[in-house]
file data.cif (mmCIF, C-alpha atoms)
data_my_file
#
loop_
_atom_site.label_atom_id
_atom_site.label_comp_id
_atom_site.auth_asym_id
_atom_site.auth_seq_id
_atom_site.Cartn_x
_atom_site.Cartn_y
_atom_site.Cartn_z
CA MET U 18 0.00 0.00 0.00
CA ASN U 19 2.00 2.92 -1.21
CA VAL U 20 0.60 6.36 -0.58
CA LEU U 21 1.73 7.88 -3.85
CA THR U 22 0.68 5.14 -6.22
CA ASN U 23 -2.59 4.52 -4.47
CA HIS U 24 -5.37 6.20 -6.42
CA ALA U 25 -7.96 5.01 -3.95
CA PHE U 26 -6.48 7.47 -1.45
CA PHE U 27 -7.11 10.45 -3.72
CA ASP U 28 -10.61 9.22 -4.52
CA GLN U 29 -11.32 8.99 -0.80
CA LEU U 30 -9.71 12.36 -0.21
CA ILE U 31 -11.96 14.02 -2.77
CA GLN U 32 -14.99 12.21 -1.42
CA ASN U 33 -14.27 13.36 2.13
CA GLN U 34 -12.93 16.78 1.31
CA SER U 35 -15.82 18.76 2.77
CA ALA U 36 -15.53 16.93 6.11
CA ILE U 37 -11.78 17.45 6.24
CA ILE U 38 -12.04 21.13 5.33
CA LYS U 39 -14.65 21.57 8.05
CA GLY U 40 -12.34 19.85 10.56
CA LEU U 41 -9.42 22.03 9.49
CA TYR U 42 -11.57 25.14 9.85
CA LEU U 43 -12.67 24.12 13.35
CA THR U 44 -9.05 23.42 14.37
CA ALA U 45 -7.98 26.84 13.10
CA TYR U 46 -10.95 28.57 14.74
CA ILE U 47 -10.45 26.92 18.15
CA SER U 48 -6.70 27.47 18.29
CA LEU U 49 -6.84 31.02 16.98
CA THR U 50 -9.52 32.05 19.49
CA ALA U 51 -7.59 30.41 22.32
CA ILE U 52 -4.32 32.06 21.30
CA ILE U 53 -5.84 35.56 20.99
CA ILE U 54 -7.89 35.54 24.21
CA GLY U 55 -5.16 33.61 26.04
CA THR U 56 -2.55 36.19 25.06
CA ILE U 57 -4.66 39.13 26.26
CA ILE U 58 -5.46 37.46 29.59
CA GLY U 59 -1.90 36.22 29.92
CA ILE U 60 -0.41 39.70 29.55
CA PHE U 61 -2.69 41.01 32.32
CA VAL U 62 -1.85 38.08 34.58
CA GLY U 63 1.83 38.67 33.85
CA LEU U 64 1.39 42.30 34.85
CA PHE U 65 -0.16 41.27 38.16
CA LEU U 66 2.64 38.76 38.71
CA THR U 67 5.23 41.50 38.30
CA TYR U 68 3.66 44.64 39.73
CA GLY U 69 0.68 43.40 41.76
CA TYR U 70 0.20 43.61 45.49
CA ARG U 71 1.48 40.60 47.38
CA ILE U 72 -1.96 39.00 47.62
CA ASN U 73 -2.54 39.39 43.85
CA LYS U 74 0.89 38.00 43.13
CA PHE U 75 0.15 35.02 45.33
CA ILE U 76 -3.23 34.23 43.76
CA PHE U 77 -1.97 34.51 40.20
CA ARG U 78 1.17 32.55 41.06
CA ILE U 79 -1.05 29.66 42.18
CA TYR U 80 -3.18 30.00 39.03
CA VAL U 81 -0.16 29.90 36.71
CA ASP U 82 1.65 27.09 38.51
CA PHE U 83 -1.47 25.01 38.82
CA ILE U 84 -2.35 25.30 35.13
CA ARG U 85 1.23 24.70 34.03
CA GLY U 86 1.42 21.60 36.22
CA THR U 87 -1.72 20.03 34.79
CA PRO U 88 -1.73 18.22 31.44
CA VAL U 89 -3.85 19.90 28.75
CA LEU U 90 -5.91 16.74 28.37
CA VAL U 91 -6.91 16.98 32.03
CA LEU U 92 -7.75 20.68 31.55
CA VAL U 93 -9.94 19.86 28.55
CA LEU U 94 -11.75 17.03 30.31
CA SER U 95 -12.26 19.04 33.51
CA ALA U 96 -13.56 22.06 31.59
CA PHE U 97 -16.03 19.77 29.88
CA TYR U 98 -17.22 17.68 32.85
CA VAL U 99 -16.67 19.82 35.93
CA LEU U 100 -18.23 23.04 34.65
CA SER U 101 -21.44 21.31 33.60
CA VAL U 102 -21.81 19.90 37.11
CA ALA U 103 -21.06 23.31 38.57
CA GLY U 104 -24.03 24.67 36.62
CA VAL U 105 -22.19 26.36 33.74
CA ASN U 106 -23.48 24.83 30.55
CA LEU U 107 -20.91 25.06 27.80
CA THR U 108 -20.93 23.27 24.48
CA ALA U 109 -18.00 20.96 23.81
CA ILE U 110 -16.43 23.58 21.54
CA GLN U 111 -16.72 26.30 24.19
CA ALA U 112 -15.28 24.01 26.86
CA GLY U 113 -12.38 23.16 24.56
CA ILE U 114 -11.69 26.82 23.78
CA LEU U 115 -11.87 27.65 27.49
CA ALA U 116 -9.33 24.95 28.41
CA LEU U 117 -6.93 25.99 25.66
CA THR U 118 -7.33 29.68 26.55
CA VAL U 119 -6.44 28.96 30.16
CA PHE U 120 -3.47 26.89 28.98
CA ALA U 121 -2.23 29.62 26.63
CA SER U 122 -2.78 32.38 29.20
CA SER U 123 -0.63 30.67 31.84
CA HIS U 124 2.25 30.36 29.40
CA VAL U 125 1.93 33.95 28.16
CA ALA U 126 1.75 35.17 31.77
CA GLU U 127 5.00 33.43 32.64
CA MET U 128 6.74 34.87 29.56
CA THR U 129 5.44 38.37 30.22
CA ARG U 130 6.66 38.22 33.79
CA GLY U 131 10.09 37.04 32.68
CA ALA U 132 10.36 39.75 30.03
CA LEU U 133 9.22 42.56 32.35
CA ASN U 134 11.70 41.45 35.00
CA ASN U 135 14.45 41.45 32.41
CA ILE U 136 14.00 45.11 31.48
CA SER U 137 16.52 47.16 33.41
CA LYS U 138 15.17 49.22 36.29
CA GLY U 139 16.74 52.34 34.83
CA GLN U 140 14.04 52.42 32.15
CA THR U 141 11.24 52.79 34.70
CA GLU U 142 13.27 55.28 36.71
CA ALA U 143 13.95 57.39 33.62
CA ALA U 144 10.26 57.34 32.72
CA ASN U 145 9.37 58.39 36.27
CA ALA U 146 11.91 61.18 36.10
CA LEU U 147 10.22 62.42 32.93
CA GLY U 148 6.92 62.49 34.78
CA LEU U 149 5.16 59.65 32.98
CA THR U 150 2.37 57.88 34.85
CA PHE U 151 2.57 54.13 35.39
CA SER U 152 0.17 53.34 32.55
CA LYS U 153 2.10 55.60 30.16
CA THR U 154 5.41 54.08 31.25
CA PHE U 155 3.95 50.67 30.65
CA ILE U 156 2.42 51.40 27.24
CA TYR U 157 5.26 53.46 25.74
CA ILE U 158 8.38 52.14 27.47
CA LEU U 159 7.98 48.68 28.92
CA MET U 160 5.45 46.99 26.63
CA PRO U 161 7.30 47.52 23.33
CA GLN U 162 10.47 46.08 24.84
CA ALA U 163 8.68 43.19 26.54
CA LEU U 164 6.73 42.25 23.40
CA ARG U 165 9.92 42.10 21.33
CA GLN U 166 11.46 39.87 23.92
CA ILE U 167 8.57 37.42 24.24
CA LEU U 168 7.96 37.09 20.49
CA PRO U 169 10.08 33.92 19.91
CA THR U 170 8.64 32.11 22.95
CA TRP U 171 5.16 33.35 22.11
CA ILE U 172 5.44 31.80 18.64
CA ASN U 173 6.46 28.52 20.29
CA ALA U 174 3.50 28.73 22.66
CA SER U 175 1.16 29.39 19.72
CA VAL U 176 2.39 26.26 17.95
CA GLU U 177 1.97 24.35 21.23
CA THR U 178 -1.62 25.64 21.52
CA LEU U 179 -2.33 24.62 17.93
CA LYS U 180 -0.98 21.15 18.70
CA ALA U 181 -2.90 20.98 21.98
CA SER U 182 -6.12 21.82 20.11
CA THR U 183 -6.10 18.20 18.86
CA LEU U 184 -7.04 17.15 22.39
CA VAL U 185 -10.54 18.61 22.15
CA SER U 186 -11.31 15.68 19.85
CA VAL U 187 -11.51 13.63 23.07
CA ILE U 188 -14.64 15.52 24.20
CA GLY U 189 -16.26 15.06 20.81
CA VAL U 190 -15.45 18.28 18.98
CA GLY U 191 -15.26 17.45 15.27
CA GLU U 192 -11.92 19.07 14.56
CA LEU U 193 -9.27 17.69 12.23
CA ILE U 194 -8.31 14.64 14.32
CA LEU U 195 -11.84 13.49 15.04
CA THR U 196 -12.78 14.02 11.39
CA THR U 197 -9.76 11.97 10.35
CA GLN U 198 -10.71 9.21 12.76
CA GLN U 199 -14.23 9.17 11.32
CA VAL U 200 -12.93 9.03 7.76
CA VAL U 201 -10.52 6.23 8.70
CA SER U 202 -13.28 4.24 10.39
CA ARG U 203 -15.22 4.31 7.11
CA ASN U 204 -12.47 3.45 4.62
CA PHE U 205 -9.79 1.81 6.82
CA MET U 206 -7.01 3.82 5.15
CA SER U 207 -5.43 4.66 8.49
CA LEU U 208 -1.88 5.06 7.21
CA GLU U 209 -2.75 7.54 4.46
CA PHE U 210 -5.21 9.68 6.38
CA TYR U 211 -3.19 9.95 9.60
CA LEU U 212 -0.18 10.94 7.51
CA PHE U 213 -2.32 13.49 5.71
CA ALA U 214 -3.59 14.96 9.00
CA GLY U 215 -0.01 15.13 10.25
CA PHE U 216 0.96 16.88 7.03
CA LEU U 217 -1.79 19.48 7.46
CA PHE U 218 -0.71 20.17 11.04
CA PHE U 219 2.88 20.45 9.92
CA ILE U 220 1.90 23.04 7.29
CA LEU U 221 -0.05 25.06 9.87
CA GLY U 222 2.67 24.88 12.54
CA TYR U 223 5.52 25.50 10.16
CA SER U 224 3.86 28.56 8.64
CA ILE U 225 3.26 30.03 12.11
CA GLU U 226 6.95 29.44 12.83
CA ARG U 227 8.06 31.08 9.56
CA ILE U 228 5.76 34.08 9.99
CA GLY U 229 7.11 34.41 13.53
CA LYS U 230 10.72 34.36 12.35
CA TYR U 231 9.92 36.97 9.69
CA THR U 232 8.18 39.26 12.19
CA GLU U 233 11.08 38.81 14.60
CA GLN U 234 13.50 40.11 11.99
CA LYS U 235 11.16 42.99 11.07
CA VAL U 236 10.75 44.30 14.61
CA SER U 237 14.24 43.62 15.94
CA ILE U 238 16.37 46.62 16.79
CA LYS U 239 19.60 46.48 14.81
CA MET B 25 -25.88 24.90 43.31
CA ASP B 26 -26.65 21.91 45.48
CA TYR B 27 -23.65 19.74 44.76
CA ILE B 28 -22.15 18.30 47.92
CA LEU B 29 -18.52 17.25 47.76
CA ASN B 30 -18.10 13.58 48.56
CA PHE B 31 -14.69 12.06 48.13
CA ASN B 32 -15.63 8.47 49.06
CA ALA B 33 -15.70 7.20 45.48
CA VAL B 34 -12.30 8.74 44.81
CA TRP B 35 -10.70 7.40 48.00
CA ARG B 36 -12.10 3.93 47.29
CA ASP B 37 -10.19 3.83 44.01
CA PHE B 38 -7.25 5.89 45.17
CA ASP B 39 -4.85 2.95 44.76
CA LEU B 40 -5.89 2.79 41.10
CA LEU B 41 -5.05 6.46 40.70
CA ILE B 42 -1.66 5.95 42.31
CA SER B 43 -0.91 2.92 40.14
CA GLY B 44 -1.89 5.03 37.12
CA LEU B 45 0.40 7.82 38.23
CA LEU B 46 3.28 5.36 38.70
CA LEU B 47 2.67 3.88 35.25
CA GLY B 48 2.74 7.41 33.78
CA LEU B 49 6.03 8.13 35.55
CA ARG B 50 7.46 4.85 34.27
CA LEU B 51 6.36 5.61 30.70
CA ALA B 52 7.87 9.08 30.91
CA PHE B 53 11.12 7.77 32.39
CA ILE B 54 11.67 5.09 29.74
CA SER B 55 10.73 7.38 26.85
CA ILE B 56 12.85 10.26 28.09
CA LEU B 57 15.83 7.96 28.63
CA LEU B 58 15.56 6.50 25.11
CA GLY B 59 14.74 9.95 23.72
CA SER B 60 17.83 11.46 25.33
CA VAL B 61 20.12 8.83 23.78
CA ILE B 62 18.58 9.34 20.33
CA GLY B 63 18.49 13.09 20.92
CA LEU B 64 22.22 13.13 21.65
CA PHE B 65 23.00 11.49 18.31
CA VAL B 66 20.57 13.78 16.49
CA ALA B 67 22.17 16.80 18.16
CA PHE B 68 25.62 15.76 16.92
CA ALA B 69 24.11 15.29 13.46
CA LEU B 70 22.59 18.79 13.70
CA VAL B 71 25.99 20.41 14.32
CA SER B 72 28.03 18.08 12.11
CA ARG B 73 29.95 19.30 9.08
CA ASN B 74 28.28 16.71 6.83
CA LYS B 75 25.53 18.47 4.89
CA LEU B 76 23.40 15.35 4.35
CA LEU B 77 23.42 14.42 8.06
CA ARG B 78 22.60 18.01 8.95
CA SER B 79 19.62 18.27 6.64
CA ILE B 80 18.16 14.85 7.53
CA SER B 81 18.36 15.58 11.26
CA SER B 82 16.96 19.08 10.92
CA ILE B 83 14.02 17.77 8.85
CA TYR B 84 13.36 15.19 11.58
CA VAL B 85 13.39 17.80 14.33
CA THR B 86 11.26 20.36 12.44
CA VAL B 87 8.65 17.83 11.34
CA ILE B 88 8.24 16.14 14.74
CA ARG B 89 8.10 19.45 16.61
CA ASN B 90 5.29 20.71 14.39
CA ILE B 91 3.10 17.61 14.55
CA PRO B 92 0.79 17.09 17.55
CA ILE B 93 1.84 14.11 19.66
CA LEU B 94 -1.73 12.82 19.51
CA ILE B 95 -1.30 12.22 15.76
CA ILE B 96 1.99 10.40 16.35
CA ILE B 97 0.34 8.17 18.95
CA LEU B 98 -2.70 7.42 16.77
CA PHE B 99 -0.46 6.84 13.76
CA ILE B 100 1.77 4.34 15.54
CA TYR B 101 -1.11 2.54 17.24
CA PHE B 102 -3.69 2.49 14.44
CA ALA B 103 -1.81 2.98 11.18
CA LEU B 104 1.42 1.02 11.56
CA PRO B 105 -0.40 -2.35 11.85
CA SER B 106 -1.49 -1.86 8.22
CA VAL B 107 2.16 -2.07 7.17
CA GLY B 108 2.73 -5.09 9.41
CA LEU B 109 4.07 -3.46 12.58
CA LEU B 110 1.66 -4.50 15.31
CA LEU B 111 2.68 -3.09 18.71
CA ASP B 112 0.71 -3.32 21.93
CA LYS B 113 -0.57 -0.08 23.40
CA VAL B 114 2.13 0.51 26.02
CA THR B 115 4.91 -0.15 23.52
CA SER B 116 3.28 2.08 20.91
CA PHE B 117 2.98 4.88 23.42
CA ILE B 118 6.61 4.55 24.49
CA PHE B 119 7.62 4.49 20.82
CA ALA B 120 5.59 7.65 20.14
CA LEU B 121 6.83 9.56 23.17
CA THR B 122 10.42 8.50 22.44
CA ILE B 123 10.53 9.89 18.90
CA TYR B 124 8.64 12.98 20.09
CA SER B 125 10.95 13.65 23.03
CA ALA B 126 14.09 12.92 20.96
CA ALA B 127 13.28 15.89 18.70
CA TYR B 128 12.84 18.30 21.63
CA ILE B 129 15.85 17.01 23.54
CA ALA B 130 18.02 17.14 20.40
CA GLU B 131 17.15 20.82 20.02
CA VAL B 132 18.21 21.48 23.64
CA PHE B 133 21.45 19.50 23.21
CA ARG B 134 22.23 21.33 19.98
CA GLY B 135 21.99 24.65 21.80
CA GLY B 136 24.28 23.29 24.51
CA LEU B 137 26.87 22.03 22.03
CA LEU B 138 26.92 25.35 20.18
CA SER B 139 27.36 27.30 23.42
CA LEU B 140 30.56 25.41 24.31
CA ASN B 141 33.85 27.09 23.66
CA LYS B 142 35.47 25.86 20.44
CA GLY B 143 38.84 25.81 22.20
CA LEU B 144 37.72 22.85 24.32
CA PHE B 145 37.54 20.58 21.31
CA GLU B 146 40.88 21.79 19.99
CA ALA B 147 42.46 21.36 23.42
CA GLY B 148 41.18 17.79 23.54
CA LEU B 149 42.72 17.02 20.18
CA ALA B 150 45.96 18.72 21.22
CA THR B 151 46.31 16.43 24.25
CA GLY B 152 46.19 13.48 21.88
CA MET B 153 42.60 12.34 22.28
CA THR B 154 40.61 11.27 19.24
CA ALA B 155 37.59 13.33 18.18
CA ILE B 156 35.20 10.74 19.66
CA GLN B 157 37.12 10.66 22.95
CA THR B 158 37.07 14.45 23.15
CA ASN B 159 33.33 14.49 22.61
CA ARG B 160 32.67 11.70 25.08
CA ILE B 161 34.98 12.78 27.88
CA ILE B 162 34.97 16.58 27.64
CA LEU B 163 32.15 18.02 25.53
CA VAL B 164 29.17 15.81 26.39
CA PRO B 165 29.51 16.04 30.20
CA LEU B 166 29.99 19.82 30.04
CA MET B 167 27.08 20.20 27.63
CA LEU B 168 24.80 18.08 29.83
CA ARG B 169 25.61 20.21 32.85
CA SER B 170 24.93 23.46 31.04
CA VAL B 171 21.58 22.41 29.53
CA LEU B 172 20.06 21.00 32.75
CA PRO B 173 17.65 23.94 33.29
CA ALA B 174 16.25 23.77 29.74
CA LEU B 175 16.14 19.99 29.98
CA SER B 176 14.07 19.94 33.16
CA ASN B 177 11.36 22.10 31.52
CA ASN B 178 11.19 19.57 28.71
CA PHE B 179 11.08 16.62 31.10
CA ILE B 180 8.12 18.11 32.95
CA SER B 181 6.14 18.75 29.79
CA LEU B 182 6.97 15.26 28.52
CA PHE B 183 5.71 13.79 31.79
CA LYS B 184 2.46 15.71 31.31
CA ASP B 185 2.18 14.25 27.81
CA THR B 186 1.85 10.77 29.32
CA SER B 187 -1.78 11.73 30.01
CA LEU B 188 -2.37 11.23 26.27
CA ALA B 189 -1.79 7.51 26.71
CA ALA B 190 -5.37 7.44 28.01
CA VAL B 191 -6.55 8.02 24.44
CA ILE B 192 -5.33 4.53 23.42
CA ALA B 193 -6.58 3.08 26.74
CA VAL B 194 -3.24 2.72 28.52
CA PRO B 195 -4.35 2.53 32.18
CA GLU B 196 -2.60 5.61 33.54
CA LEU B 197 -3.87 8.41 35.78
CA THR B 198 -6.15 10.20 33.30
CA TYR B 199 -7.61 6.88 32.14
CA TYR B 200 -8.57 5.83 35.68
CA THR B 201 -9.95 9.28 36.44
CA ARG B 202 -12.27 9.09 33.45
CA LYS B 203 -13.31 5.63 34.64
CA ILE B 204 -14.06 6.82 38.18
CA ASN B 205 -15.79 9.86 36.72
CA THR B 206 -18.17 7.83 34.57
CA GLU B 207 -18.78 5.14 37.18
CA SER B 208 -19.47 7.33 40.19
CA PHE B 209 -20.40 10.75 38.70
CA ARG B 210 -18.20 12.36 41.38
CA VAL B 211 -17.01 14.72 38.66
CA ILE B 212 -15.53 17.60 40.62
CA GLU B 213 -13.81 15.40 43.18
CA SER B 214 -12.14 13.06 40.70
CA TRP B 215 -10.77 15.80 38.46
CA MET B 216 -9.69 17.86 41.46
CA ILE B 217 -7.68 15.01 42.96
CA THR B 218 -6.15 14.15 39.58
CA SER B 219 -5.05 17.71 38.87
CA LEU B 220 -3.56 17.91 42.35
CA LEU B 221 -1.69 14.64 41.78
CA TYR B 222 -0.31 15.93 38.47
CA VAL B 223 0.64 19.32 39.88
CA GLY B 224 2.25 17.70 42.92
CA THR B 225 4.25 15.30 40.79
CA CYS B 226 5.41 18.11 38.53
CA PHE B 227 6.55 20.06 41.59
CA VAL B 228 8.48 17.06 42.89
CA ILE B 229 10.14 16.54 39.50
CA ALA B 230 10.95 20.24 39.23
CA PHE B 231 12.36 20.31 42.76
CA THR B 232 14.54 17.22 42.21
CA LEU B 233 15.89 18.58 38.95
CA ARG B 234 16.55 21.96 40.61
CA GLN B 235 18.70 20.20 43.21
CA LEU B 236 20.57 18.41 40.41
CA GLU B 237 21.06 21.75 38.64
CA LYS B 238 22.51 23.30 41.78
CA ARG B 239 24.84 20.36 42.30
CA TYR B 240 26.07 20.10 38.72
CA ALA B 241 25.86 23.67 37.39
CA VAL B 242 29.02 24.75 35.57
CA PRO B 243 30.66 27.36 37.84
CA LYS B 244 30.87 30.73 36.16
#
call {"tool": "encode", "arguments": {"input": "data.cif", "output": "structure tokens"}}
result
Amino acid sequence: MNVLTNHAFFDQLIQNQSAIIKGLYLTAYISLTAIIIGTIIGIFVGLFLTYGYRINKFIFRIYVDFIRGTPVLVLVLSAFYVLSVAGVNLTAIQAGILALTVFASSHVAEMTRGALNNISKGQTEAANALGLTFSKTFIYILMPQALRQILPTWINASVETLKASTLVSVIGVGELILTTQQVVSRNFMSLEFYLFAGFLFFILGYSIERIGKYTEQKVSIK
Amino acid sequence: MDYILNFNAVWRDFDLLISGLLLGLRLAFISILLGSVIGLFVAFALVSRNKLLRSISSIYVTVIRNIPILIIILFIYFALPSVGLLLDKVTSFIFALTIYSAAYIAEVFRGGLLSLNKGLFEAGLATGMTAIQTNRIILVPLMLRSVLPALSNNFISLFKDTSLAAVIAVPELTYYTRKINTESFRVIESWMITSLLYVGTCFVIAFTLRQLEKRYAVPK
């Protein structure tokens, strides 16, 4: 059974194309939403971790460490099962997005904290001496430097989130993996279709990586 | 909300959870060990002067790092039998996690090898050692000591990836939790205990590796 000489594979691919495209779309939608919301929340959490009062620092420290210590699969399953018992009714897709958002936010928070701590104290002092308020210092002085610094790790985290989005297939969201499994269970071409799914993920992940590298070069200070 | 916490169902099967956790640790340990050995060779291929070796190894690392581990697991467990390679579920999972971890570890080792001073290698040759001896006796130990912090991050995330073995019904922690969850409907309790077990284990691993780092860090 060779993939390239096997015409049955292409017939099957064309027959199942709408299902696969739908799965691909759902994968992209879930991971993109999680990355965007996760990044915004993560930056705020990172801010609290660096500049918050002790009690805030403590609470968000526990949040970040707890999420980072739990496997994504456990996050996905808990978001799906626990929240419905607690009275919050989410669809499987929403639960999946929630779990991935929480996952992404904890990683972004940790990066933001690291980057903000890395900026020399003289920058803040200079801004204070110029009479800038804290929010102005943050927006004009600290944030641009921190963002440049976290870009490479942020790209990595985005690829990780994209890869982790496969796990929502376990709670029955019809993204690329579940679609592939359904296609395979109909035509038994497991080798070809799993390879194809892997290929699609590779294309997605690799293009994120390339775009990231390109942006890194564009925004770097020479 | 009238849900009353009741941990009885979880405590009754707590030994199952612990056995699942131990299996997960064992899977992670074996895969990381094998992955580190393969990763070391891949790392040397990544920095070698041979162009063919360099491109093959960098294709391996890039491809594996961009493919979700779930696909690798499903591929090895469900697709490889169609080309005659029938592995049981534990072996398939170890196989999957090994090739996955090797790519990540190789990347860490490559960084470590590049950060070493070039003079070390030349000094080794000058004292009459062969290239292989120099690598084995001088470069690899130094590299291992300098990459320990990056390595321990990878080890922790690889340990967390053992939860995916539940997808192919390997009886580890997540698998048993789902079982307890569906049998007893003590949803909150079972997932709470499992997350705590995972977080606790990660802390223990992190702490142990931190001690190792302190003991073996290259003095500046």
call {"tool": "interface_residues", "arguments": {"input": "data.cif", "of": "chain U", "to": "chain B", "cutoff": "7 Å", "atoms": "all atoms listed in the file", "output": "ChimeraX atom specification"}}
result
/U:83,86-88,90-91,95,98-99,103-104,180-181,183,207-208,211,215,218-219,222-223
call {"tool": "closest_residue", "arguments": {"input": "data.cif", "among": "B:Ile129, B:Leu163, B:Ala230, B:Ile204", "to": "Leu41 (chain B)", "atoms": "only C-alpha atoms"}}
result
B:Ile204
call {"tool": "residues_around", "arguments": {"input": "data.cif", "residues": "region 57-67 of chain B", "least_positions_apart": "2", "cutoff": "9 Å", "atoms": "all atoms listed in the file", "output": "number ranges by chain"}}
result
B: 52-55, 69-72, 77-78, 81-82, 84-85, 121-135, 137, 164
call {"tool": "atom_distance", "arguments": {"input": "data.cif", "atom1": "CA of Leu117 (chain U)", "atom2": "CA of Pro169 (chain U)"}}
result
19.6 Å
call {"tool": "closest_residue", "arguments": {"input": "data.cif", "among": "B:Ala189, B:Gly143, B:Leu233, B:Ile80", "to": "Thr115 (chain B)", "atoms": "all atoms listed in the file"}}
result
B:Ala189
call {"tool": "resolve_selection", "arguments": {"input": "data.cif", "expression": "the PyMOL selection byres ((chain U and resi 141) around 9)", "output": "PyMOL selection string"}}
result
chain U and resi 136-140+142-146+151+154-155+158-159
call {"tool": "atom_distance", "arguments": {"input": "data.cif", "atom1": "CA of Leu179 (chain U)", "atom2": "CA of Thr108 (chain U)"}}
result
19.8 Å
call {"tool": "build_atoms", "arguments": {"input": "data.cif", "residues": "region 222-235 of chain U", "atoms": "N, CA and C atoms", "output": "CSV table (one decimal), keeping the file's coordinate frame"}}
result
chain,number,residue,atom,x,y,z
U,222,GLY,N,1.7,24.5,11.5
U,222,GLY,CA,2.7,24.9,12.5
U,222,GLY,C,3.9,25.5,11.9
U,223,TYR,N,4.3,25.0,10.8
U,223,TYR,CA,5.5,25.5,10.2
U,223,TYR,C,5.3,26.9,9.6
U,224,SER,N,4.1,27.2,9.1
U,224,SER,CA,3.9,28.6,8.6
U,224,SER,C,3.8,29.6,9.8
U,225,ILE,N,3.2,29.1,10.9
U,225,ILE,CA,3.3,30.0,12.1
U,225,ILE,C,4.7,30.3,12.5
U,226,GLU,N,5.5,29.3,12.5
U,226,GLU,CA,7.0,29.4,12.8
U,226,GLU,C,7.7,30.4,11.9
U,227,ARG,N,7.4,30.2,10.6
U,227,ARG,CA,8.1,31.1,9.6
U,227,ARG,C,7.6,32.5,9.7
U,228,ILE,N,6.3,32.7,9.8
U,228,ILE,CA,5.8,34.1,10.0
U,228,ILE,C,6.4,34.7,11.2
U,229,GLY,N,6.5,33.9,12.3
U,229,GLY,CA,7.1,34.4,13.5
U,229,GLY,C,8.5,34.9,13.3
U,230,LYS,N,9.3,34.0,12.6
U,230,LYS,CA,10.7,34.4,12.4
U,230,LYS,C,10.8,35.7,11.5
U,231,TYR,N,9.9,35.8,10.5
U,231,TYR,CA,9.9,37.0,9.7
U,231,TYR,C,9.6,38.2,10.5
U,232,THR,N,8.5,38.1,11.4
U,232,THR,CA,8.2,39.3,12.2
U,232,THR,C,9.3,39.6,13.1
U,233,GLU,N,10.0,38.6,13.7
U,233,GLU,CA,11.1,38.8,14.6
U,233,GLU,C,12.2,39.7,14.0
U,234,GLN,N,12.5,39.3,12.7
U,234,GLN,CA,13.5,40.1,12.0
U,234,GLN,C,13.0,41.5,11.7
U,235,LYS,N,11.7,41.7,11.4
U,235,LYS,CA,11.2,43.0,11.1
U,235,LYS,C,11.2,43.9,12.3
